[in-house]
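These notes concern the structure reproduced below.
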Amino acid sequence: MKKLTYYIVDVFAEVKYAGNQLAVFRGADSISDREMQQIAREMNFSETTFIMSESERDGGYDVRIFTPGEEVPFAGHPTLGTVHIIRNEIARDKESLSGITLNLKAGKIPVTFDKGESSTYWMKQLEPEFGKQLSADKLAHVLGLDPEDIDSRFPIEEVSTGLPHIIVPLKNLEALKRARVNRDRYFELIKDAWARPIMIFCPEPHLKENDISVRMFADCFGIPEDPATGSGNGCLAGYLVRHRYFGGDSVDIRSEQGHEIGRPSLLYLKAEEKDRHINISVGGKAITIARGEFVRGLS
């Protein structure tokens, strides 16, 4: 029987047991796709990552990301959490490192960080792609809201920086708290859709030091609600800049998520549009919670 070392990491967490947890496995080049999918299902975090190479290949570390239901090309908190483990457990010359690149199915994702254990990790995301716009009536129907709860000054729009999301602007925190996804209507909405997770946001935070509050729903991945979503917040950052939500062609803000499910998370969003290109970085902290051995071959 072969043992696989894994770590539990809190990402976008200022303190332990906040943020979004995931399992990070190393030495995964020895197991099959089917086994990775089975392990992700058994771990039952929103995502589980598998480090395929203990050293750099083509300028980065090969990593794969699985939800309990399927492999995905990119996700934010698994990217930062995996870099945190590579930096602290695998990489050589730890003291001199200021960045690590992951080779993901969506492409190369560079992550930078400061020195020190409590440093913030920053990932540069792929340039956003924008899809179709959806009706407020349809999304209100899915979210258990009134169409008047949706901020009609801005569109409901599909956006992707590697993993497409439906971005929904709400007027206030009361509406954001009240949202409840109707699963039947949700699955009808996303049938054959490009973007399937729904990210709602408003400019009224729970904590005054933050700038926006968000929630993300992804029943399609077996995640009724996610406590922290790096990919979704990256999509949101691109959306905010494209539509001049804060009045300018750049944002540098603090995004809070997870308050409604008791896992308050904090993400830092930076984005700027220049020469018709939008550059996006999403940042946050990561904390190692536990280390364990997963024994294959037991039933």
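A note on labels: chains of the structure tokens are A, B, ... as shown, every chain counts residues from 1, and ligands are counted from 1 in their shown order.
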Taking the chain letters and numbering used in this document, name the residues of region 155-284 of chain A that DSSP puts in strand (DSSP E), as number ranges by chain. A: 156-160, 165-169, 198-202, 212-218, 223-226, 250-257, 265-274, 277-284
Those residues with C-alpha atoms, as an mmCIF file, in the first residue's frame please?
```cif
data_model
loop_
_atom_site.group_PDB
_atom_site.id
_atom_site.type_symbol
_atom_site.label_atom_id
_atom_site.label_comp_id
_atom_site.auth_asym_id
_atom_site.auth_seq_id
_atom_site.Cartn_x
_atom_site.Cartn_y
_atom_site.Cartn_z
ATOM 1 C CA ILE A 156 -25.646 40.579 -15.175
ATOM 2 C CA GLU A 157 -22.801 39.090 -17.169
ATOM 3 C CA GLU A 158 -20.722 35.972 -17.752
ATOM 4 C CA VAL A 159 -17.018 36.561 -17.048
ATOM 5 C CA SER A 160 -14.063 34.167 -17.017
ATOM 6 C CA HIS A 165 -18.871 32.866 -13.449
ATOM 7 C CA ILE A 166 -22.180 34.687 -13.715
ATOM 8 C CA ILE A 167 -21.691 38.073 -12.013
ATOM 9 C CA VAL A 168 -24.829 39.590 -10.442
ATOM 10 C CA PRO A 169 -24.770 43.131 -8.952
ATOM 11 C CA ILE A 198 -23.184 32.426 -9.696
ATOM 12 C CA MET A 199 -21.389 35.226 -7.858
ATOM 13 C CA ILE A 200 -23.516 37.960 -6.304
ATOM 14 C CA PHE A 201 -22.050 41.115 -4.783
ATOM 15 C CA CYS A 202 -22.974 44.456 -3.263
ATOM 16 C CA ILE A 212 -17.589 44.843 -1.062
ATOM 17 C CA SER A 213 -19.371 41.720 0.104
ATOM 18 C CA VAL A 214 -19.844 38.669 -2.125
ATOM 19 C CA ARG A 215 -21.433 35.235 -2.119
ATOM 20 C CA MET A 216 -20.867 32.383 -4.594
ATOM 21 C CA PHE A 217 -23.166 29.455 -5.378
ATOM 22 C CA ALA A 218 -22.045 26.419 -7.419
ATOM 23 C CA ILE A 223 -20.911 23.416 -3.584
ATOM 24 C CA PRO A 224 -24.152 25.021 -2.374
ATOM 25 C CA GLU A 225 -22.120 28.011 -1.167
ATOM 26 C CA ASP A 226 -18.375 28.652 -1.201
ATOM 27 C CA SER A 250 -8.656 50.446 -11.859
ATOM 28 C CA VAL A 251 -9.622 48.870 -8.530
ATOM 29 C CA ASP A 252 -7.638 48.110 -5.379
ATOM 30 C CA ILE A 253 -10.154 46.764 -2.882
ATOM 31 C CA ARG A 254 -10.884 44.292 -0.071
ATOM 32 C CA SER A 255 -13.573 41.700 -0.822
ATOM 33 C CA GLU A 256 -15.236 39.773 2.012
ATOM 34 C CA GLN A 257 -16.980 36.428 1.572
ATOM 35 C CA SER A 265 -12.824 35.248 4.309
ATOM 36 C CA LEU A 266 -10.873 38.204 2.985
ATOM 37 C CA LEU A 267 -9.545 38.624 -0.547
ATOM 38 C CA TYR A 268 -7.532 41.500 -1.997
ATOM 39 C CA LEU A 269 -8.408 42.506 -5.558
ATOM 40 C CA LYS A 270 -6.305 44.611 -7.898
ATOM 41 C CA ALA A 271 -7.199 45.251 -11.523
ATOM 42 C CA GLU A 272 -6.367 47.858 -14.139
ATOM 43 C CA GLU A 273 -7.393 48.401 -17.736
ATOM 44 C CA LYS A 274 -4.598 49.650 -19.980
ATOM 45 C CA HIS A 277 -6.260 44.904 -21.694
ATOM 46 C CA ILE A 278 -7.349 44.215 -18.122
ATOM 47 C CA ASN A 279 -4.642 42.990 -15.734
ATOM 48 C CA ILE A 280 -5.945 41.251 -12.606
ATOM 49 C CA SER A 281 -4.300 40.068 -9.396
ATOM 50 C CA VAL A 282 -6.074 38.363 -6.488
ATOM 51 C CA GLY A 283 -4.380 38.121 -3.105
ATOM 52 C CA GLY A 284 -4.876 36.541 0.279
#
```
Which one of A:Pro128, A:Gly59, A:Gly76, A:Gly222 sits closest to Val11 (chain A) if you count only C-alpha atoms? A:Gly76
Using only C-alpha atoms, tabulate the residues of region 3-106 of chain A lying at most 12 Å from any atom of region 118-123 of chain A, each with its closest atom pair and that distance in Å to one decimal, by chain and increasing residue number, as CSV.
```
residue,atom,partner,partner_atom,distance
A:Val11,CA,A:Tyr121,CA,9.6
A:Phe12,CA,A:Thr120,CA,9.1
A:Ala13,CA,A:Thr120,CA,10.3
A:Glu14,CA,A:Ser118,CA,8.9
A:Val15,CA,A:Ser118,CA,10.2
A:Lys16,CA,A:Ser118,CA,11.9
A:Phe74,CA,A:Met123,CA,11.8
A:Ala75,CA,A:Met123,CA,10.9
A:Gly76,CA,A:Met123,CA,8.1
A:His77,CA,A:Met123,CA,9.8
A:Pro78,CA,A:Met123,CA,11.1
A:Thr79,CA,A:Met123,CA,7.9
A:Leu80,CA,A:Tyr121,CA,6.5
A:Gly81,CA,A:Tyr121,CA,9.0
A:Thr82,CA,A:Tyr121,CA,10.9
A:Val83,CA,A:Tyr121,CA,8.5
A:His84,CA,A:Tyr121,CA,8.0
A:Ile85,CA,A:Tyr121,CA,11.8
A:Arg87,CA,A:Tyr121,CA,10.9
A:Asn88,CA,A:Ser118,CA,12.0
A:Ser98,CA,A:Tyr121,CA,9.8
A:Gly99,CA,A:Tyr121,CA,8.9
A:Ile100,CA,A:Met123,CA,9.5
A:Thr101,CA,A:Met123,CA,9.1
A:Leu102,CA,A:Met123,CA,10.0
```
Using only C-alpha atoms, please write the residues we just selected to a file, as a compact mmCIF listing (two decimals), in the first residue's frame.
```txt
# COMPACT_ATOMS: atom_id res chain seq x y z
CA VAL A 11 -6.82 30.07 2.14
CA PHE A 12 -8.01 33.69 2.23
CA ALA A 13 -7.95 33.30 6.01
CA GLU A 14 -6.61 35.91 8.40
CA VAL A 15 -6.91 33.39 11.27
CA LYS A 16 -7.23 29.60 11.46
CA PHE A 74 -8.41 26.74 -12.79
CA ALA A 75 -9.60 27.81 -9.35
CA GLY A 76 -8.29 30.57 -7.13
CA HIS A 77 -7.97 29.31 -3.58
CA PRO A 78 -6.47 25.95 -4.71
CA THR A 79 -3.83 27.88 -6.65
CA LEU A 80 -2.77 29.97 -3.65
CA GLY A 81 -3.01 27.06 -1.20
CA THR A 82 -0.90 24.82 -3.42
CA VAL A 83 1.77 27.48 -3.86
CA HIS A 84 1.83 27.88 -0.06
CA ILE A 85 2.61 24.16 0.32
CA ARG A 87 6.92 27.10 -1.00
CA ASN A 88 7.07 25.74 2.55
CA SER A 98 9.56 35.52 -4.10
CA GLY A 99 7.31 33.64 -6.52
CA ILE A 100 6.21 30.26 -7.89
CA THR A 101 4.40 29.42 -11.13
CA LEU A 102 1.82 26.64 -11.44
```
Using only C-alpha atoms for the distances, tell me which of A:Asn210, A:Gln125, A:Ser152, A:Thr288 is nearest to Gly234 (chain A).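 Answer, going by the shortest atom-to-atom distance: A:Gln125.
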Give me the residues near region 146-148 of chain A as JSON, numbers by chain, where near means some atom within 6 Å (using only C-alpha atoms) and where sequence neighbours in that chain fewer than 5 positions away do not count. {"A": [136, 137, 140]}
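Across the model, the gap from CA of Arg183 (chain A) to CA of Cys220 (chain A) is 9.5 Å.
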Pick out each residue of region 111-185 of chain A that DSSP on the backbone tags as helix (DSSP H, G or I); I need them as a JSON list (two decimals) with N, CA and C atoms, in the first residue's frame.
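Contents of states-v2.json, as written:
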```
[["chain", "number", "residue", "atom", "x", "y", "z"],
["A", 136, "ALA", "N", -32.40, 40.29, -15.54],
["A", 136, "ALA", "CA", -32.58, 40.40, -14.09],
["A", 136, "ALA", "C", -33.74, 39.53, -13.62],
["A", 137, "ASP", "N", -34.80, 39.46, -14.40],
["A", 137, "ASP", "CA", -35.95, 38.65, -14.01],
["A", 137, "ASP", "C", -35.55, 37.18, -13.84],
["A", 138, "LYS", "N", -34.75, 36.68, -14.77],
["A", 138, "LYS", "CA", -34.36, 35.27, -14.74],
["A", 138, "LYS", "C", -33.48, 34.98, -13.53],
["A", 139, "LEU", "N", -32.50, 35.86, -13.26],
["A", 139, "LEU", "CA", -31.60, 35.62, -12.13],
["A", 139, "LEU", "C", -32.30, 35.82, -10.80],
["A", 140, "ALA", "N", -33.19, 36.81, -10.71],
["A", 140, "ALA", "CA", -33.95, 37.01, -9.48],
["A", 140, "ALA", "C", -34.77, 35.76, -9.17],
["A", 141, "HIS", "N", -35.33, 35.15, -10.20],
["A", 141, "HIS", "CA", -36.13, 33.93, -10.07],
["A", 141, "HIS", "C", -35.28, 32.80, -9.48],
["A", 142, "VAL", "N", -34.04, 32.68, -9.94],
["A", 142, "VAL", "CA", -33.13, 31.63, -9.47],
["A", 142, "VAL", "C", -32.70, 31.89, -8.03],
["A", 143, "LEU", "N", -32.46, 33.17, -7.69],
["A", 143, "LEU", "CA", -31.88, 33.53, -6.40],
["A", 143, "LEU", "C", -32.91, 33.81, -5.32],
["A", 147, "PRO", "N", -36.70, 41.32, -8.73],
["A", 147, "PRO", "CA", -35.87, 42.00, -9.74],
["A", 147, "PRO", "C", -35.37, 43.35, -9.26],
["A", 148, "GLU", "N", -36.13, 44.00, -8.37],
["A", 148, "GLU", "CA", -35.72, 45.31, -7.84],
["A", 148, "GLU", "C", -34.50, 45.22, -6.93],
["A", 149, "ASP", "N", -34.15, 44.02, -6.45],
["A", 149, "ASP", "CA", -32.96, 43.84, -5.62],
["A", 149, "ASP", "C", -31.68, 43.93, -6.44],
["A", 173, "LEU", "N", -26.70, 45.01, 1.15],
["A", 173, "LEU", "CA", -26.35, 43.82, 1.93],
["A", 173, "LEU", "C", -27.58, 43.04, 2.34],
["A", 174, "GLU", "N", -28.69, 43.71, 2.58],
["A", 174, "GLU", "CA", -29.92, 43.02, 2.97],
["A", 174, "GLU", "C", -30.34, 42.04, 1.88],
["A", 175, "ALA", "N", -30.26, 42.47, 0.63],
["A", 175, "ALA", "CA", -30.61, 41.59, -0.49],
["A", 175, "ALA", "C", -29.61, 40.45, -0.61],
["A", 176, "LEU", "N", -28.34, 40.75, -0.43],
["A", 176, "LEU", "CA", -27.30, 39.72, -0.51],
["A", 176, "LEU", "C", -27.52, 38.64, 0.54],
["A", 177, "LYS", "N", -27.87, 39.04, 1.76],
["A", 177, "LYS", "CA", -28.12, 38.07, 2.83],
["A", 177, "LYS", "C", -29.36, 37.22, 2.55],
["A", 178, "ARG", "N", -30.32, 37.80, 1.87],
["A", 178, "ARG", "CA", -31.62, 37.14, 1.65],
["A", 178, "ARG", "C", -31.59, 36.13, 0.51],
["A", 183, "ARG", "N", -32.71, 25.26, -6.53],
["A", 183, "ARG", "CA", -31.85, 24.34, -7.29],
["A", 183, "ARG", "C", -32.48, 23.95, -8.63],
["A", 184, "ASP", "N", -33.77, 23.73, -8.68],
["A", 184, "ASP", "CA", -34.40, 23.35, -9.95],
["A", 184, "ASP", "C", -34.25, 24.47, -10.97],
["A", 185, "ARG", "N", -34.50, 25.70, -10.54],
["A", 185, "ARG", "CA", -34.38, 26.83, -11.45],
["A", 185, "ARG", "C", -32.91, 27.08, -11.82]]
```
Considering only C-alpha atoms, state which residue in the set A:Ser96, A:Gln37, A:Thr161, A:Ser231 is at the smallest distance from Glu71 (chain A).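 The answer is A:Gln37, which sits nearest to Glu71 (chain A).
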